[in-house]
$ cat start_4.txt   # compact mmCIF, C-alpha atoms
# COMPACT_ATOMS: atom_id res chain seq x y z
CA MET W 1 63.35 159.01 19.47
CA LYS W 2 60.77 160.79 21.64
CA ILE W 3 61.19 158.20 24.40
CA LEU W 4 64.98 158.71 24.33
CA LYS W 5 64.55 162.49 24.63
CA ASN W 6 62.23 162.05 27.61
CA GLU W 7 64.72 159.72 29.31
CA ILE W 8 67.58 162.18 28.81
CA ARG W 9 65.40 165.01 30.10
CA GLU W 10 64.49 162.97 33.18
CA LEU W 11 68.16 162.23 33.87
CA VAL W 12 69.08 165.92 33.70
CA ARG W 13 66.20 166.70 36.08
CA GLN W 14 67.81 164.53 38.78
CA LYS W 15 69.73 166.74 41.20
CA VAL W 16 72.32 164.10 42.08
CA LEU W 17 73.42 163.47 38.50
CA VAL W 18 73.44 167.16 37.61
CA SER W 19 75.32 168.04 40.80
CA ILE W 20 78.04 165.45 40.16
CA PHE W 21 78.54 166.66 36.58
CA PHE W 22 78.50 170.34 37.54
CA ILE W 23 80.91 169.91 40.46
CA GLY W 24 83.22 167.89 38.22
CA ILE W 25 83.33 170.73 35.69
CA ILE W 26 83.99 173.49 38.23
CA PHE W 27 86.65 171.33 39.91
CA LEU W 28 88.46 170.96 36.58
CA ASP W 29 88.14 174.70 35.95
CA ALA W 30 89.53 175.53 39.40
CA LEU W 31 92.30 172.98 38.96
CA GLY W 32 93.22 174.64 35.66
CA ALA W 33 93.79 177.90 37.52
CA ILE W 34 96.54 176.36 39.65
CA LEU W 35 97.87 173.92 37.02
CA PRO W 36 97.72 175.93 33.77
CA LYS W 37 100.44 173.81 32.15
CA TYR W 38 98.25 170.70 32.37
CA LEU W 39 94.69 172.04 32.10
CA ASP W 40 93.60 174.76 29.67
CA ARG W 41 90.91 176.99 31.19
CA GLN W 42 90.06 178.49 27.82
CA ILE W 43 87.25 175.91 27.61
CA THR W 44 86.35 175.02 31.20
CA LEU W 45 86.08 178.69 32.21
CA PHE W 46 82.95 179.12 30.10
CA ILE W 47 81.13 175.81 30.73
CA PRO W 48 79.68 176.13 34.28
CA LEU W 49 77.38 179.14 33.78
CA PRO W 50 75.82 177.93 30.48
CA LEU W 51 75.31 174.58 32.21
CA ILE W 52 73.44 176.39 35.02
CA CYS W 53 71.31 178.03 32.33
CA ILE W 54 70.40 174.60 30.94
CA ILE W 55 69.63 173.27 34.43
CA HIS W 56 67.29 176.18 35.05
CA ILE W 57 65.47 175.91 31.72
CA ILE W 58 64.89 172.16 32.08
CA ASN W 59 63.93 172.10 35.77
CA ALA W 60 62.02 175.33 36.40
CA ASN W 61 58.25 175.30 35.96
CA LYS W 62 58.54 178.94 34.99
CA ILE W 63 61.76 180.23 33.43
CA ASN W 64 63.14 183.38 35.04
CA LYS W 65 64.40 185.49 32.15
CA TRP W 66 66.09 187.96 34.50
CA PHE W 67 68.17 185.13 35.95
CA LEU W 68 69.23 184.04 32.46
CA LEU W 69 70.16 187.65 31.67
CA SER W 70 72.31 187.79 34.82
CA LEU W 71 74.14 184.66 33.65
CA VAL W 72 74.91 186.39 30.35
CA PHE W 73 76.43 189.35 32.22
CA ASN W 74 78.47 186.93 34.33
CA VAL W 75 79.78 185.00 31.33
CA VAL W 76 80.86 188.19 29.54
CA GLY W 77 82.30 189.43 32.83
CA LEU W 78 84.37 186.26 33.14
CA TYR W 79 85.75 186.79 29.64
CA HIS W 80 86.87 190.33 30.40
CA PHE W 81 88.01 189.87 33.98
CA ASN W 82 89.29 186.33 34.33
CA HIS W 83 90.24 185.18 30.86
CA PRO W 84 93.54 183.24 31.17
CA TYR W 85 95.06 185.14 28.25
CA LYS W 86 94.02 188.65 29.29
CA ALA W 87 94.99 190.95 32.14
CA TYR W 88 92.40 191.76 34.81
CA ASN W 89 90.34 194.78 33.84
CA ALA W 90 87.57 196.95 35.19
CA LEU W 91 84.86 196.01 32.68
CA GLY W 92 84.70 192.44 33.99
CA ILE W 93 84.08 193.65 37.55
CA ILE W 94 81.36 196.05 36.37
CA LEU W 95 79.56 193.28 34.47
CA HIS W 96 79.65 190.99 37.51
CA ALA W 97 78.29 193.87 39.59
CA ILE W 98 75.34 194.29 37.20
CA ALA W 99 74.63 190.56 37.48
CA PHE W 100 74.31 190.86 41.27
CA LEU W 101 72.12 193.92 40.88
CA ILE W 102 69.78 191.73 38.81
CA TYR W 103 69.88 189.10 41.57
CA PHE W 104 68.82 191.75 44.07
CA LEU W 105 65.95 192.87 41.83
CA ILE W 106 64.79 189.25 41.51
CA LEU W 107 64.76 188.86 45.29
CA PHE W 108 63.06 192.21 45.83
CA LYS W 109 59.95 190.81 44.14
CA HIS W 110 59.81 188.05 46.76
CA TYR W 111 59.64 190.39 49.74
CA GLN W 112 56.48 190.41 51.84
CA VAL W 113 56.31 191.84 55.39
CA VAL W 114 59.73 192.67 56.83
CA ASN W 115 60.52 193.17 60.52
CA ILE W 116 62.18 196.60 60.96
CA LYS W 117 64.31 195.47 63.92
CA ARG W 118 65.57 192.55 61.89
CA VAL W 119 66.38 194.86 58.99
CA LEU W 120 68.46 197.11 61.26
CA LYS W 121 70.25 194.14 62.80
CA PHE W 122 71.15 192.66 59.43
CA SER W 123 72.11 196.10 58.09
CA PHE W 124 74.73 196.52 60.79
CA LEU W 125 76.09 193.01 60.29
CA ILE W 126 76.25 193.25 56.50
CA VAL W 127 77.96 196.66 56.61
CA ILE W 128 80.67 195.19 58.86
CA LEU W 129 81.10 192.18 56.57
CA ALA W 130 81.53 194.50 53.56
CA ALA W 131 83.42 197.42 55.10
CA VAL W 132 86.20 195.52 56.91
CA PRO W 133 87.58 193.64 53.88
CA THR W 134 87.19 196.76 51.70
CA LEU W 135 89.40 198.71 54.11
CA ILE W 136 91.92 195.88 54.22
CA TYR W 137 92.11 195.58 50.43
CA SER W 138 91.84 199.31 49.61
CA GLU W 139 95.57 199.82 49.05
CA GLY W 140 95.75 196.94 46.60
CA MET W 141 92.58 198.12 44.86
CA ASN W 142 94.20 201.52 44.29
CA GLU W 143 97.44 199.99 43.07
CA MET W 144 95.58 197.90 40.47
CA ARG W 145 93.39 200.91 39.54
CA LEU W 146 90.24 198.93 40.31
CA PHE W 147 89.12 200.87 43.38
CA TYR W 148 85.76 202.30 42.22
CA GLU W 149 84.85 199.25 40.15
CA THR W 150 85.51 196.98 43.13
CA LEU W 151 83.44 199.24 45.37
CA LEU W 152 80.56 199.00 42.90
CA TYR W 153 80.85 195.21 42.86
CA ALA W 154 81.07 195.06 46.66
CA PHE W 155 77.98 197.27 46.98
CA PHE W 156 75.77 195.12 44.75
CA VAL W 157 77.03 191.88 46.29
CA THR W 158 76.29 193.38 49.71
CA ILE W 159 72.68 194.29 48.90
CA PHE W 160 72.20 190.82 47.39
CA VAL W 161 73.54 189.19 50.57
CA PHE W 162 71.42 191.53 52.69
CA SER W 163 68.18 190.82 50.85
CA ALA W 164 68.85 187.07 50.70
CA SER W 165 69.64 186.92 54.42
CA LEU W 166 66.39 188.74 55.24
CA LEU W 167 64.35 186.37 53.09
CA TYR W 168 65.91 183.34 54.77
CA SER W 169 65.49 184.72 58.30
CA ASN W 170 61.81 185.51 57.63
CA ASN W 171 61.02 182.12 56.14
CA LYS W 172 63.42 179.16 56.45
CA THR W 173 62.03 177.13 53.56
CA LYS W 174 63.84 174.64 51.35
CA ALA W 175 64.08 177.23 48.59
CA ASN W 176 65.51 179.85 50.93
CA ARG W 177 68.16 177.42 52.16
CA PHE W 178 69.55 177.37 48.63
CA LEU W 179 69.55 181.17 48.82
CA LEU W 180 71.48 181.06 52.10
CA PHE W 181 74.09 178.73 50.57
CA SER W 182 74.40 181.15 47.65
CA THR W 183 75.13 184.11 49.94
CA ILE W 184 77.68 182.17 51.99
CA SER W 185 79.43 181.06 48.80
CA ILE W 186 79.70 184.56 47.30
CA LEU W 187 80.89 186.09 50.58
CA ILE W 188 83.71 183.59 51.03
CA SER W 189 84.55 183.66 47.33
CA SER W 190 84.78 187.48 47.34
CA TYR W 191 87.03 187.48 50.42
CA LEU W 192 89.34 184.88 48.90
CA GLN W 193 89.43 186.54 45.49
CA GLY W 194 90.07 189.93 47.10
CA TYR W 195 93.02 188.58 49.07
CA ASN W 196 94.30 186.81 45.98
CA LEU W 197 94.08 189.94 43.82
CA PHE W 198 94.95 192.74 46.21
CA MET W 199 97.17 191.16 48.87
CA GLU W 200 99.06 188.03 47.85
CA LYS W 201 98.36 185.61 44.99
CA THR W 202 97.85 182.09 46.34
CA SER W 203 96.92 179.11 44.18
CA LEU W 204 94.84 177.43 46.88
CA LEU W 205 92.75 180.57 47.47
CA GLU W 206 92.16 180.98 43.74
CA PHE W 207 91.12 177.32 43.52
CA LEU W 208 88.55 177.74 46.31
CA ALA W 209 87.33 181.14 45.04
CA ILE W 210 86.53 179.72 41.60
CA ILE W 211 84.56 176.79 43.04
CA LEU W 212 82.58 179.01 45.43
CA PHE W 213 81.87 181.63 42.74
CA ASN W 214 80.27 178.99 40.53
CA LEU W 215 78.38 177.46 43.46
CA THR W 216 76.89 180.90 44.16
CA HIS W 217 75.04 180.84 40.85
CA TYR W 218 74.26 177.12 41.07
CA PHE W 219 72.50 177.59 44.42
CA MET W 220 70.70 180.69 43.12
CA CYS W 221 69.52 178.59 40.19
CA TRP W 222 68.04 175.94 42.49
CA TYR W 223 66.45 178.61 44.66
CA LEU W 224 64.54 179.91 41.63
CA ILE W 225 63.67 176.37 40.54
CA GLU W 226 62.19 175.57 43.94
CA LYS W 227 60.30 178.89 43.98
CA SER W 228 58.83 178.18 40.54
CA ARG W 229 57.66 174.74 41.66
CA LYS W 230 56.06 176.15 44.80
CA VAL W 231 54.13 178.77 42.83
CA ASN W 232 53.00 176.11 40.39
CA ASP W 233 51.80 173.84 43.21
CA VAL W 234 49.71 176.65 44.65

$ encode --input "start_4.txt" --output "structure tokens"
Amino acid sequence: MKILKNEIRELVRQKVLVSIFFIGIIFLDALGAILPKYLDRQITLFIPLPLICIIHIINANKINKWFLLSLVFNVVGLYHFNHPYKAYNALGIILHAIAFLIYFLILFKHYQVVNIKRVLKFSFLIVILAAVPTLIYSEGMNEMRLFYETLLYAFFVTIFVFSASLLYSNNKTKANRFLLFSTISILISSYLQGYNLFMEKTSLLEFLAIILFNLTHYFMCWYLIEKSRKVNDV
């Protein structure tokens, strides 16, 4: 029995197998968003993030409890914001915002020496990336009565993207590449979801937004796994 457990554990530790299974799940979830008559998201909606939790616990040399807490906020946020049998509401957005605040706090601990010129350059770029879509979607945000909640979410996502971009630019390691992929995923996902919510609902955009949202947390998970292994090696 012990040998069987070790073999199962070793299989889960393999990135390729885990990646195939995870991508399959998020693909089904995203497909359920555009084909609700054929696929029920009531189950698939809540599988990806707990699966990421399992991946982290099994693979990380040191478990990051703050990361697990952020996943809890995201799961509850999904229930309130994106449940297929409930209307969109503000609480879900707030919970997702808190999750990204936790991500920022996790990354803040990893800062060392930061180049001031680089900070200013990234600040300008990130502000543009956040301000332009916010202005474009502002009318729709007001109409749905989600203006301030969306601003809060956009702010915390922005500081997460900012801090992650700085870390990657300062040190282009394998771990930080996962962080870069995470920031790209959440930026594109937020743009697509914003257009889908506040401009015009499009099945294809919702499909892509769901996949990229889940990949954001998957890549963040592997970033922390790689960081834990590096610390352990040292």

$ residues_around --input "start_4.txt" --residues "W:Thr44" --least-positions-apart "3" --cutoff "12 Å" --atoms "only C-alpha atoms" --output "ChimeraX atom specification"
/W:22-33,36,39-41,47-51,75,78-79,83-84,210,214

$ closest_residue --input "start_4.txt" --among "W:Tyr223, W:Phe108, W:Leu129, W:Leu167" --to "W:Tyr191" --atoms "all atoms listed in the file"
W:Leu129

$ closest_residue --input "start_4.txt" --among "W:Lys65, W:Lys172, W:His96, W:His110" --to "W:Lys227" --atoms "only C-alpha atoms"
W:His110

$ residues_around --input "start_4.txt" --residues "W:Ala130" --least-positions-apart "3" --cutoff "9 Å" --atoms "all atoms listed in the file" --output "compact mmCIF listing (two decimals) with C-alpha atoms, in the coordinates of the input"
# COMPACT_ATOMS: atom_id res chain seq x y z
CA LEU W 125 76.09 193.01 60.29
CA ILE W 126 76.25 193.25 56.50
CA VAL W 127 77.96 196.66 56.61
CA PRO W 133 87.58 193.64 53.88
CA THR W 134 87.19 196.76 51.70
CA LEU W 135 89.40 198.71 54.11
CA ALA W 154 81.07 195.06 46.66
CA PHE W 155 77.98 197.27 46.98
CA VAL W 157 77.03 191.88 46.29
CA THR W 158 76.29 193.38 49.71
CA LEU W 187 80.89 186.09 50.58

$ closest_residue --input "start_4.txt" --among "W:Val72, W:Ile58, W:Cys221, W:Leu45" --to "W:Ala175" --atoms "all atoms listed in the file"
W:Cys221

$ residues_around --input "start_4.txt" --residues "W:Arg229" --least-positions-apart "4" --cutoff "8 Å" --atoms "only C-alpha atoms" --output "PDB file with C-alpha atoms, in the coordinates of the input"
ATOM      1  CA  ALA W  60      62.020 175.330  36.400  1.00  0.00           C
ATOM      2  CA  ASN W  61      58.250 175.300  35.960  1.00  0.00           C
ATOM      3  CA  LYS W  62      58.540 178.940  34.990  1.00  0.00           C
ATOM      4  CA  ILE W 225      63.670 176.370  40.540  1.00  0.00           C
ATOM      5  CA  ASP W 233      51.800 173.840  43.210  1.00  0.00           C
TER       6      ASP W 233
END

$ closest_residue --input "start_4.txt" --among "W:Ile63, W:Leu91, W:Leu35, W:Val76" --to "W:Tyr153" --atoms "all atoms listed in the file"
W:Leu91

$ closest_residue --input "start_4.txt" --among "W:Ile94, W:Ile188, W:Ile106, W:Leu208" --to "W:Phe73" --atoms "only C-alpha atoms"
W:Ile94

$ atom_distance --input "start_4.txt" --atom1 "atom CA of W:Cys53" --atom2 "atom CA of W:Phe67"
8.6 Å

$ closest_residue --input "start_4.txt" --among "W:Ala99, W:Met144, W:Ser169, W:Trp222" --to "W:Asn74" --atoms "only C-alpha atoms"
W:Ala99

$ residues_near_point --input "start_4.txt" --point "(69.4, 182.1, 52.6)" --cutoff "12 Å" --atoms "all atoms listed in the file" --output "ChimeraX atom specification"
/W:107,160-186,216,219-220,222-223

$ atom_distance --input "start_4.txt" --atom1 "atom CA of W:Ile34" --atom2 "atom CA of W:Phe207"
6.7 Å

$ atom_distance --input "start_4.txt" --atom1 "atom CA of W:Gly77" --atom2 "atom CA of W:Ser228"
27.1 Å
